[in-house]
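Notes to accompany the following structure.
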Amino acid sequence: MNEEKRYYYGTLGSKFGEIVFVWRFADNKVVRIFLPMQRDLFRSSEYRSWGMSGINNRAALELIRKMESLLNGNPVEVSLDIVDWTRTAAFQRLVLRTEGKIPRGMVSTYGRIALKVNRPHAARAVGRALATNPFPLIIPCHRAVRSDRSLAGYAGGVKMKKRLLELEGIEFDQKDRVVTTRFW
DNA sequence: CTTACAAGAATAT
DNA sequence: ATATTCTTGTAAG
């Protein structure tokens, strides 16, 4: 069997539903995180068919523990070195790493992130990059909102996006736009 | 290589 | 508030 394609996964039951974390067996890098709404996607993914269930290492357990804490509203620190960057395109990698710098409790916009990666008119491309973020929660793509402060989509559903932001202390107006005036 | 998208943004109506 | 137009990185053909 191709070592590159051997995976193992673990699940975390949360108030949002079951979240699945997938690691590569060979180097214990996180290759993908599936949010509750993506259950079916996980079921039909290569990760399940080639994988084995169960967690067998400390770092993986540690991550799940941290994610559980994060979902309970606590600040957590996670190194970006634990995820697999080899399968992300250069542009997406840059966007995701930039997104990863947004502090908890703060939001940015797709356009501002585009500026930060020196692609001033690529707001939409940034949206694409975040929409296909393989590592939600670790890479906090929920902290990106539209320029009018309304919420765009989220792999786990806009509802989850809003709840995640509320956990961080972000407030919303009656039209579900973030009240923040200071963007990262 | 060309085409068709999409979690954007600015502008006009 | 909605429609139009410009924009750009990918996946698919």
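Each chain of the structure tokens is named A, B, ... in the order shown, its residues numbered from 1; ligands are numbered from 1 in display order.
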Test item: chain B residues at most 7 Å from chain A, counting only C-alpha atoms (C1' of nucleotides), as a PyMOL selection string: chain B and resi 6-8
Contacts of DA12 (chain C) at 12 Å (only C-alpha atoms (C1' of nucleotides); same-chain gap of 6+ positions) as a PDB file with N, CA, C and O atoms (P, O5', C5', C4', C3', O3' and C1' of nucleotides), in the first residue's frame:
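In the end it all went to result33.pdb:
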ATOM      1  P    DT B   2      -6.293  29.970 -25.373  1.00  0.00           P
ATOM      2  O5'  DT B   2      -7.595  29.243 -24.852  1.00  0.00           O
ATOM      3  C5'  DT B   2      -8.212  28.252 -25.665  1.00  0.00           C
ATOM      4  C4'  DT B   2      -9.598  27.934 -25.120  1.00  0.00           C
ATOM      5  C3'  DT B   2     -10.373  29.182 -24.675  1.00  0.00           C
ATOM      6  O3'  DT B   2     -11.724  29.000 -25.066  1.00  0.00           O
ATOM      7  C1'  DT B   2     -10.064  27.708 -22.830  1.00  0.00           C
ATOM      8  P    DT B   3     -12.854  29.998 -24.611  1.00  0.00           P
ATOM      9  O5'  DT B   3     -13.410  29.240 -23.330  1.00  0.00           O
ATOM     10  C5'  DT B   3     -13.718  27.856 -23.438  1.00  0.00           C
ATOM     11  C4'  DT B   3     -14.538  27.421 -22.245  1.00  0.00           C
ATOM     12  C3'  DT B   3     -15.501  28.471 -21.713  1.00  0.00           C
ATOM     13  O3'  DT B   3     -16.741  27.836 -21.426  1.00  0.00           O
ATOM     14  C1'  DT B   3     -14.032  27.803 -19.974  1.00  0.00           C
ATOM     15  P    DA B   4     -18.008  28.619 -20.927  1.00  0.00           P
ATOM     16  O5'  DA B   4     -18.067  28.159 -19.401  1.00  0.00           O
ATOM     17  C5'  DA B   4     -17.929  26.780 -19.073  1.00  0.00           C
ATOM     18  C4'  DA B   4     -17.988  26.612 -17.575  1.00  0.00           C
ATOM     19  C3'  DA B   4     -18.997  27.532 -16.895  1.00  0.00           C
ATOM     20  O3'  DA B   4     -19.621  26.816 -15.836  1.00  0.00           O
ATOM     21  C1'  DA B   4     -16.838  27.966 -16.038  1.00  0.00           C
ATOM     22  P    DC B   5     -20.874  27.450 -15.101  1.00  0.00           P
ATOM     23  O5'  DC B   5     -20.160  28.468 -14.119  1.00  0.00           O
ATOM     24  C5'  DC B   5     -20.436  28.354 -12.776  1.00  0.00           C
ATOM     25  C4'  DC B   5     -19.239  27.835 -11.990  1.00  0.00           C
ATOM     26  C3'  DC B   5     -19.276  28.426 -10.594  1.00  0.00           C
ATOM     27  O3'  DC B   5     -19.412  27.385  -9.659  1.00  0.00           O
ATOM     28  C1'  DC B   5     -17.116  28.695 -11.592  1.00  0.00           C
TER      29       DC B   5
END
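Near chain A, within 12 Å and counting only C-alpha atoms (C1' of nucleotides), the residues of chain C are DC6, DT7, DT8, DG9, DT10 and DA11 of chain C.
CA of Pro36 (chain A) is found 6.7 Å from CA of Phe16 (chain A).
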CA of Tyr9 (chain A) to CA of Phe21 (chain A), straight-line distance in Å: 5.4 Å
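Between C1' of DT4 (chain C) and CA of Ser108 (chain A) the separation is 25.9 Å.
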Within 9 Å of Glu77 (chain A) using only C-alpha atoms (C1' of nucleotides), minus same-chain residues under 2 positions, as a PyMOL selection string: chain A and resi 66+75+79
Which of region 19-142 of chain A DSSP labels strand (DSSP E), written as a PyMOL selection string: chain A and resi 19-24+30-34+51-53+108-109
